[in-house]
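Only one structure is covered here, and it is reproduced in the block below.
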Amino acid sequence: MKGLTRSIRIAVIGARASGKSYLLHDLIHAFRSMGYVPEELPLSYPHSSFGAFFYDAFNVETGGMRGTESYACRPENHYGALLSLPSRWGLRLPPSLDIDFLNIPGEVFDPNSQRLKLFHDLIRLITAKGKGLFELSTWSCPSGHTLRLIVPVGFQWDAIGKVKVSSRSRYGNYMGWENLHVELATGHYQETEREPISGKQLLQRITELQTDSVLLSLEQVWSHLTTIQKLDLQECRAQRVLHYFYPLMYCRQATDLILCDRLTSYENTGTLAETMSAFIEQRDQRPPHVYLAFREADKLLRREGWHAQRQTLSRSESSPSLRHTLYAQVHEEIQRSLISSDCHPQLVNLTDENRRHILQCLGDGIGHAFWLLLLTAEDDSLMGKLRRKIMHKKSIFELSNAPESILPPHVYFTATPIDEAMHIYVNDPNDVTRFYCDEENHLRSFTRELCDNRVRHLCFGSYQLLTDILLQHGISPKGMSCAANDSSLSRIIDESNHTI
């Protein structure tokens with residue numbers, strides 16, 4: 001049954017406050033809305049659970065979401081799940097999705113540093129090394145949990161002392177051998193196996209390996225590693241190549257890559273898109289599917305438009321269909337507003353600043369920004385071209401030159417603080433990460449309402465984004481046939497389902 005499980009790895013990238021954590025919060029809820037059920041994770045699973053994400057991401061003191069700071073990234077900083085769909089007869093089928101994601105600060109891809117060039121040089125050197133330089137060391141504790149470390153050939157733990165490191169220091173920095181030795185002893189881990197591993201195998205298995213040991217081993221064998229091409233270890237340290245080695249490797253292996261942006265931000269996500277375009281050109285594997293998700297769509301939506309939709313919802317028996325219909329209407333209004341700044345849409349209130357920011361991030365044609373990233377990620381093989389011809393799909397180049405294609409495919413406008421009754425939750429002035437709703441003479445916290453199951457999440461934009469992600473992997477989400485009956489949504493799905 002293992003072959004029936006699809007593996008999806010999502011890298012979520014953006015500047016601080018660009019909405020990465022909230023988007024992931026929405027996507028997890030969207031899986032639940034689609035009927036997916038998490039299975040119990042085995043002890044050998046190297047990442048944290050979806051439940052652990054909520055524990056780590058939320059600030060228990062304020063009820064808001066923690067920002068994503070620069071951190072020492074390890075396998076437990078991933079969040080993943082084995083998801084299944086119950087059968088029509090109530091039986092639990094084998095997991096259909098093996099999914100994990102990593103929240104990555106945009107600073108990892110600093111365009112003004114030599115980091116990416118040095119990283120790609122280092123990857124080539126590691127890949128060229130066969131067995132004889134590294135060993136895979138497996139450790140188990142009494143509970144059955146397993147850790148996999150990388151050590152240099154002939155490495156002896158008896159020669160290593162023990163120096164305890166604080167948990168906060170561990171969060172921001174990678175540990176030395178002494179600190180790692182203490183962690184293993186504290187967890188009552190015992191080494192059970194050691195075997196040779198090649199550089200290529202090391203990179204393939206990077207997301208299940210204890211990161212500190214990988215980086216320490218790379219530094220320890222540096223002179224043997226860099227015999228073909230001289231790389232300065234001090235320069236790699238200064239450019240933080242090793243500090244960001246893990247998230248950079250994850251992006252090399254990710255199946256899907258989401259850029260996050262704020263509509264009220266002064267950051268230029270177009271620059272990040274161009275940097276990512278150059279980065280994925282260096283991948284050995286097939287390019288990832290790429291998406292752009294704008295946060296704060298709720299600030300574009302007029303109150304009267306939401307009120308009218310809420311009245312429709314109260315008379316409607318098809319909430320899933322209405323969810324898609326609403327997004328399709330807003331999508332069309334945004335497209336119309338971008339084409340002409342003089343129009344007066346019913347649902348959307350797009351300012352000149354918003355309009356300028358969106359267009360800057362999208363780019364003009366395929367010359368730069370997100371259009372360029374789409375072009376780089378497109379399957380331009382003979383099979384890809386044939387597939388587009390059979391399915392009557394336009395290429396990215398053709399789409400970019402179409403007059404109606406102001407919004408490229410795979411671009412979404414998301415809004416976290418909206419429930420299925422279409423109540424909009426606004427920022428708490430004392431904490432911008434927290435949302436509340438003061439309607440019908442009742443003050444409600446968005447997070448508390450969700451946790452207590454008093455409301456359900458609308459997942460505005462993020463539900464559609466997840467639908468797109470699944471479609472790119474050949475999975476037809478539950479409810480698609482119902483949603484596709486709406487002509488406007490059908491067109492959006494058709495555009496977004498442009499396979500890249």
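Convention: chains lettered A, B, ... in structure tokens order; per-chain residue numbering from 1; ligands numbered from 1 as shown.
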
I'd like the neighbourhood of Pro247 in chain A as an MDAnalysis selection string, where a residue qualifies if any of its atoms comes within 12 Å (using only C-alpha atoms), though same-chain residues fewer than 2 positions away should be ignored. chainID A and resid 10:13 70:75 77:78 101:109 116 119 206:207 211 240:245 249:254

Excluding Glu76 in chain A and residues on its chain fewer than 5 positions from it, collect all residues at most 7 Å away from it, counting only C-alpha atoms, and give them as a PDB file with all heavy atoms, in the first residue's frame.
```
ATOM      1  N   PRO A  46      10.607  11.377  11.450  1.00  0.00           N
ATOM      2  CA  PRO A  46      11.654  12.327  11.865  1.00  0.00           C
ATOM      3  C   PRO A  46      11.161  13.740  12.165  1.00  0.00           C
ATOM      4  O   PRO A  46      11.923  14.547  12.691  1.00  0.00           O
ATOM      5  CB  PRO A  46      12.585  12.339  10.642  1.00  0.00           C
ATOM      6  CG  PRO A  46      11.678  12.050   9.477  1.00  0.00           C
ATOM      7  CD  PRO A  46      10.630  11.112   9.999  1.00  0.00           C
ATOM      8  N   HIS A  47       9.898  14.056  11.817  1.00  0.00           N
ATOM      9  CA  HIS A  47       9.425  15.429  11.945  1.00  0.00           C
ATOM     10  C   HIS A  47       8.364  15.559  13.044  1.00  0.00           C
ATOM     11  O   HIS A  47       7.862  14.562  13.566  1.00  0.00           O
ATOM     12  CB  HIS A  47       8.862  15.924  10.616  1.00  0.00           C
ATOM     13  CG  HIS A  47       9.759  15.656   9.450  1.00  0.00           C
ATOM     14  ND1 HIS A  47      11.103  15.955   9.474  1.00  0.00           N
ATOM     15  CD2 HIS A  47       9.521  15.091   8.227  1.00  0.00           C
ATOM     16  CE1 HIS A  47      11.654  15.600   8.326  1.00  0.00           C
ATOM     17  NE2 HIS A  47      10.721  15.065   7.558  1.00  0.00           N
ATOM     18  N   SER A  48       8.019  16.784  13.373  1.00  0.00           N
ATOM     19  CA  SER A  48       6.969  17.043  14.359  1.00  0.00           C
ATOM     20  C   SER A  48       5.597  16.953  13.698  1.00  0.00           C
ATOM     21  O   SER A  48       5.466  17.057  12.479  1.00  0.00           O
ATOM     22  CB  SER A  48       7.167  18.423  14.984  1.00  0.00           C
ATOM     23  OG  SER A  48       8.409  18.506  15.660  1.00  0.00           O
TER      24      SER A  48
END
```

Shell of 10 Å around Ile28 in chain A, only C-alpha atoms, local chain residues under 3 positions omitted, as a VMD selection string: chain A and resid 22 to 25 31 to 33 36 50 to 51 53 to 54 80 to 81 459 462 to 463 466

In Å, rounded to a single decimal, give me how far CA of Gln282 in chain A is from CA of Leu375 in chain A. 14.5 Å

Neighbouring residues of Thr269 in chain A were defined as those with any atom within 10 Å, considering only C-alpha atoms; residues of the same chain fewer than 3 positions away were excluded. Please report them as an NGL selection string. :A and (14-15 or 18 or 106 or 259-262 or 265-266 or 272-275 or 292 or 357-358 or 360-363 or 369-370)

DSSP on the backbone: which residues in range 159-330 of chain A end up as alpha helix (DSSP H)? Give the answer as number ranges by chain. A: 167-172, 177-186, 199-204, 211-220, 222-225, 233-238, 245-253, 269-280, 303-315, 319-330

What does the distance between CA of Lys393 in chain A and CA of Arg356 in chain A come to in Å, to one decimal place? 29.0 Å

Which residue is closest to Pro409 in chain A? Choose from A:Phe397, A:Phe435, A:Tyr171, A:Tyr291 and count only C-alpha atoms.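 Answer, going by the shortest atom-to-atom distance: A:Tyr291.
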
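Nearest to Arg295 in chain A of all the residues A:Gln204, A:Thr376, A:Thr414, A:Thr325 is A:Thr414, counting only C-alpha atoms.
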
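Between CA of Gln210 in chain A and CA of Phe279 in chain A the separation is 24.5 Å.
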
Filtered DSSP result for range 220-293 of chain A, state strand (DSSP E), as a list of chain:residue names: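 Of range 220-293 of chain A, the ones in strand (DSSP E) are A:Asp256, A:Leu257, A:Ile258, A:Leu259, A:Cys260, A:Asp261, A:Arg262, A:His289, A:Val290, A:Tyr291, A:Leu292, A:Ala293.
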